[in-house]
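Student: If it helps, the file is called upload03.cif and holds mmCIF, C-alpha atoms:
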data_start
#
loop_
_atom_site.label_atom_id
_atom_site.label_comp_id
_atom_site.auth_asym_id
_atom_site.auth_seq_id
_atom_site.Cartn_x
_atom_site.Cartn_y
_atom_site.Cartn_z
CA MET A 1 116.99 137.67 159.25
CA ASN A 2 117.36 137.75 155.48
CA ALA A 3 120.45 139.01 153.65
CA ALA A 4 118.82 142.30 152.62
CA SER A 5 117.86 143.28 156.15
CA THR A 6 121.24 142.18 157.49
CA ASN A 7 122.92 144.32 154.84
CA THR A 8 120.77 147.34 155.75
CA GLU A 9 121.44 146.93 159.47
CA LEU A 10 125.17 146.61 158.85
CA LEU A 11 125.21 149.70 156.62
CA GLU A 12 123.39 151.78 159.25
CA VAL A 13 125.73 150.65 162.03
CA LEU A 14 128.76 151.55 159.94
CA ALA A 15 127.22 154.93 159.06
CA GLY A 16 125.87 155.72 162.49
CA GLN A 17 128.83 157.81 163.68
CA ALA A 18 128.38 160.49 161.03
CA SER A 19 125.62 162.59 162.60
CA ASN A 20 126.11 166.33 163.22
CA GLN A 21 129.33 166.57 161.23
CA SER A 22 130.66 168.78 158.43
CA ASN A 23 129.00 169.24 155.06
CA LEU A 24 131.59 166.95 153.46
CA ARG A 25 130.86 164.19 155.94
CA GLN A 26 127.12 164.58 155.45
CA GLU A 27 127.51 164.41 151.66
CA ALA A 28 129.68 161.30 151.99
CA LEU A 29 127.12 159.74 154.31
CA ARG A 30 124.39 160.40 151.74
CA VAL A 31 126.52 158.77 149.01
CA PHE A 32 127.32 155.80 151.26
CA ARG A 33 123.66 155.13 151.92
CA GLN A 34 122.80 155.63 148.26
CA LEU A 35 125.48 153.27 146.98
CA GLY A 36 124.94 150.67 149.68
CA LEU A 37 127.47 147.99 150.46
CA PRO A 38 128.79 146.22 147.33
CA ASN A 39 127.65 142.75 146.34
CA ASN A 40 128.64 140.27 143.63
CA LYS A 41 126.79 142.36 141.04
CA THR A 42 129.00 145.38 141.75
CA GLU A 43 131.61 145.27 138.98
CA GLU A 44 134.52 146.61 141.05
CA TYR A 45 133.85 144.01 143.77
CA LYS A 46 132.79 141.08 141.60
CA TYR A 47 135.51 138.78 142.93
CA THR A 48 135.78 140.38 146.38
CA PRO A 49 132.78 139.51 148.61
CA ILE A 50 133.68 141.99 151.33
CA THR A 51 130.07 142.63 152.36
CA ARG A 52 129.44 138.93 152.91
CA VAL A 53 132.61 138.68 154.98
CA LEU A 54 131.58 141.64 157.15
CA GLN A 55 128.10 140.18 157.66
CA LYS A 56 129.70 136.94 158.79
CA GLU A 57 132.48 138.32 160.99
CA LEU A 58 131.20 141.59 162.44
CA GLN A 59 129.14 141.23 165.62
CA LEU A 60 127.31 144.50 165.78
CA SER A 61 126.94 144.44 169.57
CA ASN A 62 130.58 143.62 170.35
CA LEU A 63 132.80 146.43 169.08
CA PHE A 64 135.85 147.61 171.03
CA VAL A 65 137.45 151.03 170.54
CA THR A 66 140.62 151.24 172.66
CA ASP A 67 141.67 151.55 176.28
CA GLY A 68 144.75 153.53 175.24
CA SER A 69 147.36 150.90 176.11
CA THR A 70 149.84 150.10 173.35
CA PRO A 71 151.35 146.59 172.99
CA ALA A 72 155.04 146.23 173.81
CA GLU A 73 157.21 147.85 171.14
CA GLU A 74 159.31 144.78 170.41
CA LYS A 75 156.17 143.14 169.02
CA TRP A 76 155.65 145.66 166.23
CA ILE A 77 158.76 147.80 165.63
CA ILE A 78 160.51 147.35 162.29
CA PRO A 79 164.18 146.64 163.12
CA VAL A 80 165.53 149.47 161.00
CA GLN A 81 167.72 152.09 162.65
CA ASP A 82 167.18 155.84 162.48
CA THR A 83 163.54 156.28 161.55
CA TYR A 84 160.76 158.65 162.45
CA ARG A 85 157.47 157.06 163.41
CA VAL A 86 153.77 157.69 163.88
CA VAL A 87 151.59 155.26 165.82
CA LEU A 88 147.86 154.82 165.31
CA LEU A 89 146.10 152.49 167.77
CA ASN A 90 142.70 151.21 166.61
CA GLY A 91 142.55 154.24 164.33
CA TYR A 92 143.61 156.89 166.87
CA PHE A 93 146.87 158.88 166.92
CA VAL A 94 149.12 157.95 169.88
CA THR A 95 151.28 160.99 170.64
CA ASP A 96 153.56 159.49 173.29
CA LYS A 97 154.60 156.61 171.02
CA SER A 98 155.28 158.79 167.97
CA PHE A 99 158.75 160.15 167.16
CA LEU A 100 158.43 163.04 164.74
CA PRO A 101 160.76 165.22 162.64
CA SER A 102 161.07 168.82 163.79
CA ASN A 103 161.22 170.45 160.35
CA VAL A 104 157.83 169.26 159.09
CA THR A 105 154.24 169.59 160.29
CA VAL A 106 152.93 166.36 161.79
CA LYS A 107 149.80 166.18 163.88
CA PRO A 108 146.65 164.10 164.44
CA MET A 109 143.98 164.73 161.81
CA LEU A 110 141.58 165.76 164.56
CA GLN A 111 143.91 168.66 165.40
CA ALA A 112 144.51 169.75 161.80
CA ALA A 113 141.13 171.26 160.98
CA GLU A 114 142.65 174.58 159.86
CA LYS A 115 144.96 172.74 157.47
CA LEU A 116 142.32 170.51 155.89
CA HIS A 117 140.13 173.11 154.23
CA GLY A 118 140.38 172.74 150.46
CA HIS A 119 142.34 169.52 150.69
CA ILE A 120 140.46 166.66 152.34
CA GLY A 121 138.08 165.05 149.89
CA ARG A 122 139.53 167.03 147.00
CA TYR A 123 141.69 164.25 145.57
CA ALA A 124 140.10 160.91 146.53
CA ASP A 125 136.74 160.41 144.85
CA PHE A 126 134.25 158.91 147.30
CA LYS A 127 131.23 159.13 145.02
CA THR A 128 131.77 155.81 143.24
CA ASP A 129 133.09 153.59 146.03
CA ALA A 130 131.03 152.80 149.13
CA PHE A 131 134.01 152.17 151.38
CA ALA A 132 135.68 155.44 150.39
CA ALA A 133 132.38 157.19 151.15
CA TRP A 134 132.15 155.40 154.49
CA ASN A 135 135.66 156.56 155.37
CA THR A 136 134.96 160.17 154.37
CA ALA A 137 131.79 160.18 156.48
CA VAL A 138 133.02 158.64 159.73
CA TRP A 139 136.84 158.75 160.00
CA SER A 140 137.86 159.02 163.63
CA ASP A 141 141.47 160.21 163.45
CA GLY A 142 144.66 159.78 161.45
CA LEU A 143 147.77 161.64 160.36
CA TYR A 144 148.31 165.07 158.87
CA LEU A 145 151.82 165.45 157.39
CA GLU A 146 153.08 168.50 155.50
CA ILE A 147 156.66 168.64 154.26
CA PRO A 148 157.74 172.22 153.47
CA GLU A 149 159.24 173.24 150.15
CA GLY A 150 162.78 171.98 149.64
CA ILE A 151 162.89 169.82 152.79
CA LYS A 152 164.34 166.33 152.43
CA LEU A 153 163.55 163.97 155.29
CA ASP A 154 166.83 162.50 156.47
CA LYS A 155 165.17 159.31 157.75
CA PRO A 156 162.19 157.21 156.69
CA LEU A 157 158.86 157.93 158.40
CA ILE A 158 157.04 154.75 159.43
CA ILE A 159 153.31 154.82 160.12
CA TYR A 160 152.37 151.92 162.40
CA TYR A 161 148.71 150.90 162.28
CA LEU A 162 148.26 148.85 165.45
CA HIS A 163 145.00 147.06 166.21
CA ASP A 164 144.38 145.48 169.60
CA SER A 165 141.41 143.10 169.54
CA THR A 166 142.21 141.23 172.76
CA LYS A 167 139.08 142.64 174.45
CA GLY A 168 136.67 142.48 171.53
CA GLN A 169 136.19 143.09 167.83
CA VAL A 170 137.77 146.26 166.46
CA LYS A 171 136.43 148.56 163.75
CA SER A 172 138.79 151.41 162.88
CA VAL A 173 138.36 154.13 160.27
CA SER A 174 141.37 156.42 159.80
CA ARG A 175 142.16 159.23 157.37
CA ASN A 176 145.52 160.67 156.32
CA MET A 177 146.56 163.80 154.46
CA LEU A 178 150.19 163.85 153.27
CA ILE A 179 151.52 166.89 151.38
CA ALA A 180 155.02 166.95 149.88
CA GLY A 181 156.02 170.53 149.08
CA ALA A 182 157.88 171.58 145.94
CA GLY A 183 161.35 170.04 145.76
CA SER A 184 160.87 167.93 148.89
CA GLU A 185 161.79 164.28 149.35
CA ALA A 186 160.49 161.63 151.74
CA THR A 187 160.29 157.89 152.30
CA ILE A 188 157.05 156.84 153.97
CA ILE A 189 156.29 153.30 155.13
CA GLU A 190 152.90 151.97 156.27
CA LYS A 191 152.87 148.81 158.38
CA TRP A 192 149.94 146.95 159.94
CA GLN A 193 150.09 144.79 163.07
CA SER A 194 147.17 143.23 164.96
CA PHE A 195 147.04 141.71 168.42
CA GLY A 196 144.31 139.46 169.79
CA ASN A 197 142.08 136.76 168.36
CA ASN A 198 138.97 138.80 167.63
CA PRO A 199 138.31 140.11 164.11
CA VAL A 200 139.69 143.50 163.05
CA ILE A 201 137.94 145.57 160.37
CA SER A 202 139.96 148.58 159.21
CA ASN A 203 139.29 151.26 156.61
CA THR A 204 142.23 153.57 155.85
CA LEU A 205 142.23 156.31 153.21
CA SER A 206 145.19 158.57 152.41
CA GLU A 207 145.37 161.55 150.07
CA ILE A 208 149.02 162.07 149.12
CA VAL A 209 149.95 165.19 147.14
CA LEU A 210 153.30 165.66 145.40
CA HIS A 211 153.99 169.24 144.37
CA GLU A 212 156.47 170.29 141.66
CA ASN A 213 159.77 168.35 141.71
CA ALA A 214 158.77 166.44 144.86
CA GLN A 215 159.83 162.82 145.26
CA VAL A 216 158.00 160.32 147.48
CA ASN A 217 158.95 156.71 148.09
CA HIS A 218 155.90 155.01 149.56
CA LEU A 219 155.88 151.43 150.89
CA VAL A 220 152.98 149.41 152.26
CA ILE A 221 153.76 146.30 154.33
CA GLN A 222 150.76 144.05 155.00
CA HIS A 223 152.09 141.30 157.25
CA ASP A 224 149.21 140.86 159.66
CA GLY A 225 147.19 138.11 161.29
CA LEU A 226 144.45 136.01 159.77
CA THR A 227 141.74 137.97 161.62
CA HIS A 228 142.27 141.31 159.82
CA ILE A 229 139.77 142.45 157.20
CA GLN A 230 141.37 145.48 155.56
CA TYR A 231 140.32 148.16 153.10
CA LEU A 232 143.13 150.49 152.02
CA PHE A 233 142.82 153.41 149.62
CA ASN A 234 145.91 155.44 148.68
CA GLN A 235 145.23 158.35 146.32
CA PHE A 236 148.38 159.98 144.91
CA TRP A 237 148.19 163.33 143.11
CA GLN A 238 151.27 164.43 141.17
CA HIS A 239 152.19 167.87 139.92
CA THR A 240 154.85 168.85 137.35
CA LYS A 241 158.16 166.93 137.43
CA SER A 242 157.25 164.98 140.57
CA CYS A 243 158.33 161.37 141.06
CA LEU A 244 156.47 158.60 142.87
CA ASN A 245 157.76 155.15 143.79
CA SER A 246 154.96 153.02 145.26
CA HIS A 247 155.39 149.51 146.68
CA VAL A 248 152.69 147.26 148.13
CA PHE A 249 153.82 144.05 149.84
CA THR A 250 151.02 141.70 150.92
CA LEU A 251 152.38 138.80 152.95
CA GLU A 252 149.64 137.96 155.44
CA GLY A 253 146.06 138.83 156.31
CA ALA A 254 142.53 137.48 156.11
CA PHE A 255 140.82 139.71 153.56
CA ILE A 256 142.57 142.64 151.88
CA ARG A 257 141.36 145.20 149.38
CA ASN A 258 143.96 147.68 148.12
CA ASN A 259 142.95 150.65 145.99
CA THR A 260 146.01 152.46 144.62
CA ARG A 261 145.20 155.44 142.43
CA VAL A 262 147.65 157.83 140.81
CA CYS A 263 146.76 161.03 138.99
CA LEU A 264 149.57 162.54 136.89
CA ASP A 265 148.29 166.11 136.72
CA GLY A 266 151.45 167.74 135.42
CA GLU A 267 154.06 167.40 132.71
CA HIS A 268 157.23 165.30 133.04
CA CYS A 269 155.92 163.26 135.96
CA GLU A 270 157.17 159.76 136.76
CA SER A 271 155.18 157.04 138.51
CA HIS A 272 156.49 153.60 139.39
CA LEU A 273 154.04 151.13 140.96
CA TYR A 274 155.22 147.78 142.28
CA GLY A 275 153.34 145.07 144.12
CA LEU A 276 154.14 141.62 145.51
CA TYR A 277 151.54 139.36 147.12
CA LEU A 278 152.40 135.98 148.67
CA LEU A 279 149.12 134.34 149.59
CA HIS A 280 148.35 131.07 151.35
CA ASN A 281 145.66 129.44 153.51
CA SER A 282 142.34 131.11 152.56
CA THR A 283 143.64 134.68 152.29
CA LEU A 284 142.02 136.91 149.68
CA ALA A 285 143.95 139.92 148.38
CA ASP A 286 142.49 142.28 145.79
CA ASN A 287 144.69 144.93 144.19
CA HIS A 288 142.87 147.59 142.18
CA THR A 289 145.11 150.20 140.55
CA VAL A 290 144.33 153.27 138.46
CA VAL A 291 146.96 155.39 136.70
CA ASP A 292 145.42 158.51 135.20
CA HIS A 293 147.58 160.48 132.73
CA ARG A 294 146.11 163.97 132.35
CA LYS A 295 149.04 166.01 131.01
CA PRO A 296 151.67 165.32 128.29
CA ASN A 297 155.24 164.02 128.51
CA SER A 298 154.88 161.76 131.55
CA ASN A 299 155.86 158.15 132.24
CA SER A 300 154.32 155.38 134.33
CA ASN A 301 155.47 151.83 134.90
CA GLU A 302 153.56 149.18 136.85
CA LEU A 303 154.60 145.67 137.85
CA TYR A 304 152.59 143.44 140.21
CA LYS A 305 153.55 139.84 140.95
CA GLY A 306 151.79 137.13 142.94
CA ILE A 307 152.48 133.67 144.35
CA LEU A 308 149.40 131.78 145.57
CA GLU A 309 149.01 128.45 147.37
CA ASP A 310 146.34 126.44 149.25
CA GLN A 311 142.88 128.02 148.81
CA ALA A 312 144.22 131.55 148.46
CA LYS A 313 142.54 133.92 146.06
CA GLY A 314 144.07 136.90 144.29
CA VAL A 315 142.53 139.69 142.24
CA PHE A 316 144.35 142.24 140.11
CA ASN A 317 142.47 144.93 138.24
CA GLY A 318 144.70 147.58 136.69
CA LYS A 319 143.51 150.53 134.63
CA ILE A 320 145.52 153.10 132.69
CA PHE A 321 143.79 156.22 131.42
CA VAL A 322 145.46 158.50 128.87
CA ARG A 323 143.45 161.70 128.47
CA PRO A 324 143.24 163.67 125.19
CA ASP A 325 145.79 166.25 126.41
CA ALA A 326 148.30 163.61 127.56
CA GLN A 327 150.28 163.33 124.33
CA LYS A 328 153.73 161.65 124.39
CA THR A 329 152.75 159.47 127.34
CA ASN A 330 154.66 156.28 128.07
CA ALA A 331 152.62 153.87 130.18
CA PHE A 332 153.33 150.20 130.86
CA GLN A 333 151.58 147.65 133.05
CA SER A 334 152.30 144.00 133.83
CA ASN A 335 150.78 141.42 136.18
CA ARG A 336 152.42 137.99 136.60
CA ASN A 337 151.31 135.13 138.81
CA ILE A 338 152.35 131.65 139.90
CA LEU A 339 149.75 129.21 141.22
CA LEU A 340 151.13 126.45 143.44
CA SER A 341 147.94 124.48 144.02
CA ASP A 342 144.86 123.47 142.06
CA LYS A 343 142.63 125.33 144.52
CA ALA A 344 144.41 128.68 144.37
CA THR A 345 142.86 131.20 141.99
CA ILE A 346 143.72 134.53 140.41
CA ASN A 347 141.41 136.90 138.52
CA THR A 348 143.39 139.46 136.57
CA LYS A 349 142.16 142.22 134.31
CA PRO A 350 144.64 144.77 132.90
CA GLN A 351 142.97 147.61 130.99
CA LEU A 352 143.93 150.57 128.80
CA GLU A 353 141.73 153.51 127.85
CA ILE A 354 143.52 155.90 125.50
CA TRP A 355 142.17 159.12 123.99
CA ALA A 356 145.52 160.44 122.69
CA ASP A 357 147.30 159.31 119.52
CA ASP A 358 151.00 160.03 120.19
CA VAL A 359 151.66 157.56 123.02
CA LYS A 360 153.50 154.35 123.87
CA CYS A 361 151.37 152.07 126.03
CA SER A 362 151.23 148.36 126.74
CA HIS A 363 149.74 145.96 129.24
CA GLY A 364 149.73 142.25 129.85
CA CYS A 365 149.28 139.44 132.35
CA THR A 366 150.54 135.88 132.79
CA THR A 367 149.49 133.04 135.07
CA GLY A 368 151.37 129.76 135.29
CA GLN A 369 152.89 127.13 137.51
CA LEU A 370 156.33 126.60 138.97
CA ASP A 371 159.15 126.09 136.49
CA GLU A 372 159.93 122.39 136.96
CA GLU A 373 162.96 122.57 134.66
CA ALA A 374 164.56 125.15 136.96
CA ILE A 375 163.76 122.92 139.95
CA PHE A 376 165.34 119.94 138.20
CA TYR A 377 168.45 121.97 137.34
CA LEU A 378 168.97 123.01 140.97
CA ARG A 379 168.34 119.50 142.29
CA SER A 380 170.91 118.13 139.85
CA ARG A 381 173.40 120.42 141.63
CA GLY A 382 172.72 118.78 145.00
CA ILE A 383 170.06 121.15 146.32
CA ASN A 384 167.07 119.52 148.02
CA HIS A 385 163.60 119.97 146.60
CA GLU A 386 162.27 122.37 149.26
CA THR A 387 165.25 124.70 148.98
CA ALA A 388 165.22 124.57 145.18
CA ARG A 389 161.53 125.44 145.16
CA ALA A 390 162.06 128.40 147.47
CA MET A 391 164.99 129.62 145.36
CA VAL A 392 162.94 129.60 142.16
CA LEU A 393 160.09 131.46 143.86
CA TYR A 394 162.47 134.00 145.35
CA ALA A 395 163.97 134.64 141.91
CA PHE A 396 160.43 135.34 140.67
CA ALA A 397 159.81 137.80 143.53
CA SER A 398 163.22 139.48 143.40
CA GLU A 399 162.32 141.67 140.41
CA VAL A 400 160.03 143.63 142.72
CA LEU A 401 162.33 143.52 145.75
CA GLU A 402 165.23 144.98 143.79
CA THR A 403 163.27 148.17 143.10
CA ILE A 404 163.49 149.23 146.78
CA THR A 405 166.24 151.85 146.91
CA ASP A 406 166.70 152.03 150.71
CA THR A 407 169.16 149.26 151.58
CA SER A 408 168.00 148.64 155.15
CA LEU A 409 164.33 148.50 154.14
CA ARG A 410 165.12 146.20 151.25
CA THR A 411 166.99 143.87 153.62
CA TYR A 412 164.08 143.84 156.08
CA ILE A 413 161.45 143.06 153.42
CA ASP A 414 163.78 140.61 151.72
CA ASN A 415 164.05 138.68 155.00
CA LEU A 416 160.26 138.65 155.41
CA VAL A 417 159.80 137.31 151.89
CA SER A 418 162.56 134.71 152.26
CA GLU A 419 161.09 133.49 155.54
CA ARG A 420 157.65 133.14 154.01
CA LEU A 421 158.93 131.31 150.95
CA HIS A 422 160.93 128.79 152.99
CA LYS A 423 158.30 128.33 155.67
CA ASN A 424 155.06 128.28 153.73
CA PHE A 425 155.92 127.39 150.17
#
Would you kindly transcribe this structure into structure tokens?
Tutor:
Amino acid sequence: MNAASTNTELLEVLAGQASNQSNLRQEALRVFRQLGLPNNKTEEYKYTPITRVLQKELQLSNLFVTDGSTPAEEKWIIPVQDTYRVVLLNGYFVTDKSFLPSNVTVKPMLQAAEKLHGHIGRYADFKTDAFAAWNTAVWSDGLYLEIPEGIKLDKPLIIYYLHDSTKGQVKSVSRNMLIAGAGSEATIIEKWQSFGNNPVISNTLSEIVLHENAQVNHLVIQHDGLTHIQYLFNQFWQHTKSCLNSHVFTLEGAFIRNNTRVCLDGEHCESHLYGLYLLHNSTLADNHTVVDHRKPNSNSNELYKGILEDQAKGVFNGKIFVRPDAQKTNAFQSNRNILLSDKATINTKPQLEIWADDVKCSHGCTTGQLDEEAIFYLRSRGINHETARAMVLYAFASEVLETITDTSLRTYIDNLVSERLHKNF
């Protein structure tokens, strides 16, 4: 079978669940089939051969949904006290494992139909990205979260995405809608964990709306096995005087594509985007970010850092748009990388598109090797080479770690990063 026919068969299998659904799903299905799966000529996926990986890994006749049993909690729980939690197993909401706040609306997406009208598909554009269109057409379940006006969640809410592939390959497509009412505050963490040796293919799309004066701290923790092929799309939409703190930590996985998009659709908004990716073996992680300034007097700051070893491959593509009405915008973007082997690669492309004249904007990227002078300095103080190396790398990563305001979460992620740096680098 040639590549073209394999690609067509794969596309139709992925799209096959979308029959007899809503108008939005049918439109997304039409777009998905029209766009087709991306190849190396698709600009946004030039360095990310996700279609080729799916053709290689996905056995179309061997897909497992779920038998409803959840792996033992000690295998996936984040050891942080006093948290709310939502559990999704192979893309489906697990009610009896979820611990939910009483003063907000939390329910499975499949049970939130009356809440979704006018919201789902309104913020995340599926017409230019095949995987976003695929998600919009065939999502199976997910999380609906609505925080009322003025409510401040007293504990972080952790969304656990569990995938159990012990009985076969898993393909999960989940959709989330998160709405932070005016003056509300919340910390939301997303964590992935896979079990089993069969490949996992997941497609997760979240539309996250911050109304006036809302503040959302959003953390993504990708610390999964080397069988997980992941597509993640987080679309943030900010209204006047809202504040977003976004963190993406990529520590493990087979093939990861992160789309993080922020629309500042109000005055005096603040957006802070941070990312840290520690890649080894043959892991590929692709971070695509878009910060879209549409109204005046708003600020955005973006810092992504990467450490790559072995045959790992990283991609960073960051875009900042400043629209004609977005005068007095401050927007900054930086991507910095360290390559620890001759076979590790990074493709980085920071971009600015500015249509306003009264702005302060800058972007930049750096790629280099380990600072041998710093290593020599530490070794001259009696520290062995492995420890000195890990210390220098940790100092590089700490600029991102220090931006986490929750002490217990920062300690947890700090320990994960330290363990990786000492064990793998």
Student: Run the PyMOL selection byres ((chain A and resi 358) around 6) against the file shown and list the residues it catches, as a PDB file with C-alpha atoms, in the coordinates of the input.
Tutor:
ATOM      1  CA  GLN A 327     150.280 163.330 124.330  1.00  0.00           C
ATOM      2  CA  LYS A 328     153.730 161.650 124.390  1.00  0.00           C
ATOM      3  CA  ASP A 357     147.300 159.310 119.520  1.00  0.00           C
ATOM      4  CA  VAL A 359     151.660 157.560 123.020  1.00  0.00           C
TER       5      VAL A 359
END
Student: Using all atoms listed in the file, find the one residue out of A:Leu157, A:Leu279, A:Ile383, A:Ile346 that sits nearest to Gln81 of chain A.
Tutor: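 Checking each candidate against Gln81 of chain A, we get A:Leu157 as the closest.
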Student: Report, in Å to a single decimal, how far apart atom CA of Cys243 of chain A and atom CA of Val209 of chain A are.
Tutor: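 Separation of atom CA of Val209 of chain A and atom CA of Cys243 of chain A: 11.0 Å.
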Student: Selected by the PyMOL selection byres ((chain A and resi 150) around 7) in the shown coordinates: which residues, as a PyMOL selection string?
Tutor: chain A and resi 148-149+151-152+181-184
Student: Determine, counting all atoms listed in the file, which protein, DNA and RNA residues have an atom within 12 Å of an atom of Thr405 of chain A; residues of the same chain fewer than 3 positions away are not included. Present the result as number ranges by chain.
Tutor: A: 156, 187, 216-219, 245-247, 400-402, 408-411, 413
Student: With C-alpha atoms retained, export the selected residues as a PDB file, in the frame of the given file.
Tutor:
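File produced: part-v7.pdb:
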ATOM      1  CA  PRO A 156     162.190 157.210 156.690  1.00  0.00           C
ATOM      2  CA  THR A 187     160.290 157.890 152.300  1.00  0.00           C
ATOM      3  CA  VAL A 216     158.000 160.320 147.480  1.00  0.00           C
ATOM      4  CA  ASN A 217     158.950 156.710 148.090  1.00  0.00           C
ATOM      5  CA  HIS A 218     155.900 155.010 149.560  1.00  0.00           C
ATOM      6  CA  LEU A 219     155.880 151.430 150.890  1.00  0.00           C
ATOM      7  CA  ASN A 245     157.760 155.150 143.790  1.00  0.00           C
ATOM      8  CA  SER A 246     154.960 153.020 145.260  1.00  0.00           C
ATOM      9  CA  HIS A 247     155.390 149.510 146.680  1.00  0.00           C
ATOM     10  CA  VAL A 400     160.030 143.630 142.720  1.00  0.00           C
ATOM     11  CA  LEU A 401     162.330 143.520 145.750  1.00  0.00           C
ATOM     12  CA  GLU A 402     165.230 144.980 143.790  1.00  0.00           C
ATOM     13  CA  SER A 408     168.000 148.640 155.150  1.00  0.00           C
ATOM     14  CA  LEU A 409     164.330 148.500 154.140  1.00  0.00           C
ATOM     15  CA  ARG A 410     165.120 146.200 151.250  1.00  0.00           C
ATOM     16  CA  THR A 411     166.990 143.870 153.620  1.00  0.00           C
ATOM     17  CA  ILE A 413     161.450 143.060 153.420  1.00  0.00           C
TER      18      ILE A 413
END
Student: Counting all atoms listed in the file, figure out which residue out of A:Lys343, A:His228, A:Lys75, A:Arg122 gets nearest to Asn198 of chain A.
Tutor: A:His228
Student: Expressed in Å to a single decimal, how great is the separation between atom CA of Val87 of chain A and atom CA of Ile120 of chain A?
Tutor: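 Rounded to one decimal, the two atoms are 20.9 Å apart.
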Student: For each of A:Ile375, A:Ile229, A:Leu205, A:Val86, take the minimum atom-to-atom distance to Ala132 of chain A, counting all atoms listed in the file, then give the residue where this is smallest.
Tutor: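 Under the stated criterion, the closest residue is A:Leu205.
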Student: As a count of residues only, please: the residues near Pro38 of chain A (cut-off 9 Å, only C-alpha atoms, same-chain neighbours under 5 positions excluded).
Tutor: 10
Student: Might you pull out every residue within 8 Å of Gly306 of chain A, with all atoms listed in the file counted and same-chain residues fewer than 5 positions away left off, and present them as a VMD selection string?
Tutor: chain A and resid 276 to 279 314 336 to 338
Student: Can I get segment 264-278 of chain A with N, CA and C atoms filled in, as a PDB file, in the frame of the given file?
Tutor:
ATOM      1  N   LEU A 264     148.435 161.768 137.378  1.00  0.00           N
ATOM      2  CA  LEU A 264     149.570 162.540 136.890  1.00  0.00           C
ATOM      3  C   LEU A 264     149.026 163.824 136.278  1.00  0.00           C
ATOM      4  N   ASP A 265     148.941 164.870 137.115  1.00  0.00           N
ATOM      5  CA  ASP A 265     148.290 166.110 136.720  1.00  0.00           C
ATOM      6  C   ASP A 265     149.327 167.199 136.440  1.00  0.00           C
ATOM      7  N   GLY A 266     150.399 166.808 135.786  1.00  0.00           N
ATOM      8  CA  GLY A 266     151.450 167.740 135.420  1.00  0.00           C
ATOM      9  C   GLY A 266     152.360 167.111 134.385  1.00  0.00           C
ATOM     10  N   GLU A 267     153.142 167.928 133.709  1.00  0.00           N
ATOM     11  CA  GLU A 267     154.060 167.400 132.710  1.00  0.00           C
ATOM     12  C   GLU A 267     155.318 166.834 133.361  1.00  0.00           C
ATOM     13  N   HIS A 268     155.948 165.891 132.641  1.00  0.00           N
ATOM     14  CA  HIS A 268     157.230 165.300 133.040  1.00  0.00           C
ATOM     15  C   HIS A 268     157.165 164.669 134.425  1.00  0.00           C
ATOM     16  N   CYS A 269     156.041 164.027 134.723  1.00  0.00           N
ATOM     17  CA  CYS A 269     155.920 163.260 135.960  1.00  0.00           C
ATOM     18  C   CYS A 269     156.387 161.821 135.718  1.00  0.00           C
ATOM     19  N   GLU A 270     156.815 161.167 136.808  1.00  0.00           N
ATOM     20  CA  GLU A 270     157.170 159.760 136.760  1.00  0.00           C
ATOM     21  C   GLU A 270     156.453 159.024 137.877  1.00  0.00           C
ATOM     22  N   SER A 271     155.856 157.877 137.528  1.00  0.00           N
ATOM     23  CA  SER A 271     155.180 157.040 138.510  1.00  0.00           C
ATOM     24  C   SER A 271     155.633 155.601 138.315  1.00  0.00           C
ATOM     25  N   HIS A 272     156.060 154.998 139.413  1.00  0.00           N
ATOM     26  CA  HIS A 272     156.490 153.600 139.390  1.00  0.00           C
ATOM     27  C   HIS A 272     155.698 152.850 140.463  1.00  0.00           C
ATOM     28  N   LEU A 273     154.876 151.890 140.042  1.00  0.00           N
ATOM     29  CA  LEU A 273     154.040 151.130 140.960  1.00  0.00           C
ATOM     30  C   LEU A 273     154.470 149.674 140.951  1.00  0.00           C
ATOM     31  N   TYR A 274     154.790 149.166 142.140  1.00  0.00           N
ATOM     32  CA  TYR A 274     155.220 147.780 142.280  1.00  0.00           C
ATOM     33  C   TYR A 274     154.389 147.095 143.352  1.00  0.00           C
ATOM     34  N   GLY A 275     154.078 145.832 143.127  1.00  0.00           N
ATOM     35  CA  GLY A 275     153.340 145.070 144.120  1.00  0.00           C
ATOM     36  C   GLY A 275     153.803 143.630 144.146  1.00  0.00           C
ATOM     37  N   LEU A 276     153.794 143.032 145.347  1.00  0.00           N
ATOM     38  CA  LEU A 276     154.140 141.620 145.510  1.00  0.00           C
ATOM     39  C   LEU A 276     153.184 141.040 146.546  1.00  0.00           C
ATOM     40  N   TYR A 277     152.443 140.005 146.175  1.00  0.00           N
ATOM     41  CA  TYR A 277     151.540 139.360 147.120  1.00  0.00           C
ATOM     42  C   TYR A 277     151.861 137.868 147.177  1.00  0.00           C
ATOM     43  N   LEU A 278     152.121 137.385 148.395  1.00  0.00           N
ATOM     44  CA  LEU A 278     152.400 135.980 148.670  1.00  0.00           C
ATOM     45  C   LEU A 278     151.259 135.459 149.525  1.00  0.00           C
TER      46      LEU A 278
END
